[in-house]
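I have placed the structure first, in the form of structure tokens, so that the comments after it can refer back to it.
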Amino acid sequence: MKNRPFLNRLGFAIQGLREGWQREYSFRAQVMIGLIIALSVVLLGASSIWLAIVGLAIALVLGAELFNSALETLVDRLHPEIHPEIRVVKDMAAAGVLLICLGASARSFLSMPSPDPGKWIGDHVPAPRGSTESARRLLAMTRPVGRTLVEQYLRNRGITALSETSALRYHPRCYYRADEYAPTETWPAMIAAVTDLSGKLTGAHRTWLDPGGFSEANLGRAPLSTPRRAMGNLLGHAVRFGAGSDVMVAGEGIETTLSVRSAMPHVASMAALSAAHLSAIIFPDTLRRLYIARDNDPAGYKAIATLLARIRAVGIEAIMLTPRLSDFNEDLRLLGLDALTARLKLQVAPQDVPRFMSSAD
């Protein structure tokens, strides 16, 4: 094989795989086990780096098995008689395969996502339920939303402008319990990082999603009694999209805030996660004008009144943004982006239209 063209050598390697499959039962068995492990890791939602590590481990096991089989075949050919030293050679080669299998199994096990955000991590001390530390550990088990159910969920709700949304993450198997006595369930979830003005994590918000898809009944959320929950220190803080500046948008929900941002893609935005938290949101010192994306409900009216009093007391200009329907996401889904953009242009300060809405035309 030395100095042969690459394609010839590749053909020899493929022939070796074929011979190993046809002759060696152990090789066939390990191929099947490797496929089962790989499929399990994919179904459990492991990240791409872990998939690569598991694939490498499987390849090492199969390579070691082929090398062991080749060595045994060569030894049997050269020394067909039974000899104690030949037995030692075969046993040591088999032991090498066993060690690689054990190492690969351990690595595959470590690649599985941690099943419970309340489990011990790092310093092996369980974090208090609902604490900022629990939120940090939960976010550590998530991955970006690109090409996940979260991206599909947002697009189904009409939200396609996903730039500067790194605060949103995806968890494939987020734990859910209806109450402390209910059994634990696992559902895919959108996890949102709640941060303070400096960007420090203070909490997290979970939206459990329906893997079965979108419907007008549940809007893509899981069929649970409370498909949205928050944890950590939320008061005054928010889920943030874009860097804070002199002009910002503040809204209650993530979907509402992102819907406004679909029409105003260049404005920094904050989702306070509830009407009560919206009224208590903390503003950056640079803020000079705040657009308040209100919801058309009684809780929203009361929160707006409290927020307006706070804003005006510190000399910040407040401009109300009012949806045509119940909230801005409903406007976006049912009326369309063009209608939403046209409505907001009538409410936004004229000088901010070219600044924040230029690419929404």
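As shown in the structure tokens, the chain order sets the letters A, B, ...; within each chain, residues go from 1, and ligands are also counted from 1 in the order they appear.
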Residues within 12 Å of Glu164 in chain A, please, as a ChimeraX atom specification. Count only C-alpha atoms; anything in the same chain fewer than 3 positions from it doesn't count. /A:144-145,161,167-168,239-244,258,261-262,265-270
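For Arg143 in chain A, the set of protein, DNA and RNA residues having any atom at most 7 Å away, when counting only C-alpha atoms and skipping those fewer than 5 positions along the same chain, is Arg169, Tyr170 and His171 of chain A.
Take the candidates A:Arg173, A:Ala13, A:Gly63, A:Arg312 and check each one against Thr186 in chain A using only C-alpha atoms; the shortest distance goes to A:Arg173.
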What is the distance between CA of Tyr175 in chain A and CA of Trp187 in chain A, in Å to one decimal?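 CA of Trp187 in chain A lies 6.6 Å from CA of Tyr175 in chain A.
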Would you mind listing, for every residue of range 226-345 of chain A within 9 Å of range 135-138 of chain A, the two atoms forming the shortest contact and the distance between them in Å to one decimal, using only C-alpha atoms, sorted by chain and ascending residue number, as a Markdown table?
```
| residue | atom | partner | partner_atom | distance |
| --- | --- | --- | --- | --- |
| A:Ala230 | CA | A:Ala135 | CA | 9.0 |
| A:Met231 | CA | A:Ala135 | CA | 6.4 |
| A:Gly232 | CA | A:Ala135 | CA | 6.3 |
```
Pull all heavy atoms from the residues just selected and write them as an mmCIF file, in the first residue's frame.
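The new file selection_15.cif reads:
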```
data_model
loop_
_atom_site.group_PDB
_atom_site.id
_atom_site.type_symbol
_atom_site.label_atom_id
_atom_site.label_comp_id
_atom_site.auth_asym_id
_atom_site.auth_seq_id
_atom_site.Cartn_x
_atom_site.Cartn_y
_atom_site.Cartn_z
ATOM 1 N N ALA A 230 -41.064 32.354 36.232
ATOM 2 C CA ALA A 230 -39.799 33.069 36.401
ATOM 3 C C ALA A 230 -39.131 32.625 37.690
ATOM 4 O O ALA A 230 -39.775 32.086 38.592
ATOM 5 C CB ALA A 230 -40.036 34.573 36.412
ATOM 6 N N MET A 231 -37.836 32.856 37.768
ATOM 7 C CA MET A 231 -37.071 32.509 38.961
ATOM 8 C C MET A 231 -35.959 33.531 39.145
ATOM 9 O O MET A 231 -35.514 34.169 38.186
ATOM 10 C CB MET A 231 -36.477 31.097 38.822
ATOM 11 C CG MET A 231 -35.523 30.950 37.658
ATOM 12 S SD MET A 231 -35.195 29.228 37.164
ATOM 13 C CE MET A 231 -34.708 28.489 38.695
ATOM 14 N N GLY A 232 -35.546 33.715 40.397
ATOM 15 C CA GLY A 232 -34.472 34.648 40.679
ATOM 16 C C GLY A 232 -34.982 36.007 41.120
ATOM 17 O O GLY A 232 -36.144 36.177 41.500
#
```
I'd like the contact shell of Leu337 in chain A - 10 Å cut-off, only C-alpha atoms, skipping same-chain residues fewer than 5 positions apart - returned as a PyMOL selection string. chain A and resi 158-159+259-260+262-263+329+331-332+342-343+360-361
Env of range 22-32 of chain A: 9 Å cut, atoms = only C-alpha atoms, seq-sep filter 6 positions within chain, self excluded. Answer as a count of residues only. 6
So, counting only C-alpha atoms, which residue among A:Ala192, A:Ala127, A:Leu287, A:Leu346 is closest to Leu234 in chain A? A:Ala192
Name the residues of range 105-323 of chain A that come out as strand (DSSP E) in a backbone DSSP run; write them as a PyMOL selection string. chain A and resi 143-144+168-176+185-195+201-208+228-232+239-241+247-251+268-271+289-293+317-321
Under the rule that only C-alpha atoms are counted, which of A:Asp297, A:Leu43, A:Leu325, A:Ser225 is the nearest residue to Ala182 in chain A?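 Answer, going by the shortest atom-to-atom distance: A:Ser225.
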Give the answer as one residue: which of A:Ile254, A:Ala318, A:Leu278, A:Ala193 has the shortest atom-to-atom distance to Thr306 in chain A, using only C-alpha atoms?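 Going through A:Ile254, A:Ala318, A:Leu278, A:Ala193 one by one, the smallest distance to Thr306 in chain A is for A:Leu278.
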Distance of CA of Asp285 in chain A from CA of Glu317 in chain A, expressed in Å to one decimal place: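 So the two atoms, CA of Glu317 in chain A and CA of Asp285 in chain A, lie 13.2 Å apart.
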Contacts of Arg221 in chain A within 8 Å, only C-alpha atoms, excl. fewer than 3 positions in-chain, as a VMD selection string: chain A and resid 207 to 210 214 218 227
For CA of Ala293 in chain A and CA of Ala250 in chain A, determine how far apart the two atoms are, in Å to one decimal place.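 Between CA of Ala293 in chain A and CA of Ala250 in chain A the gap works out to 6.0 Å.
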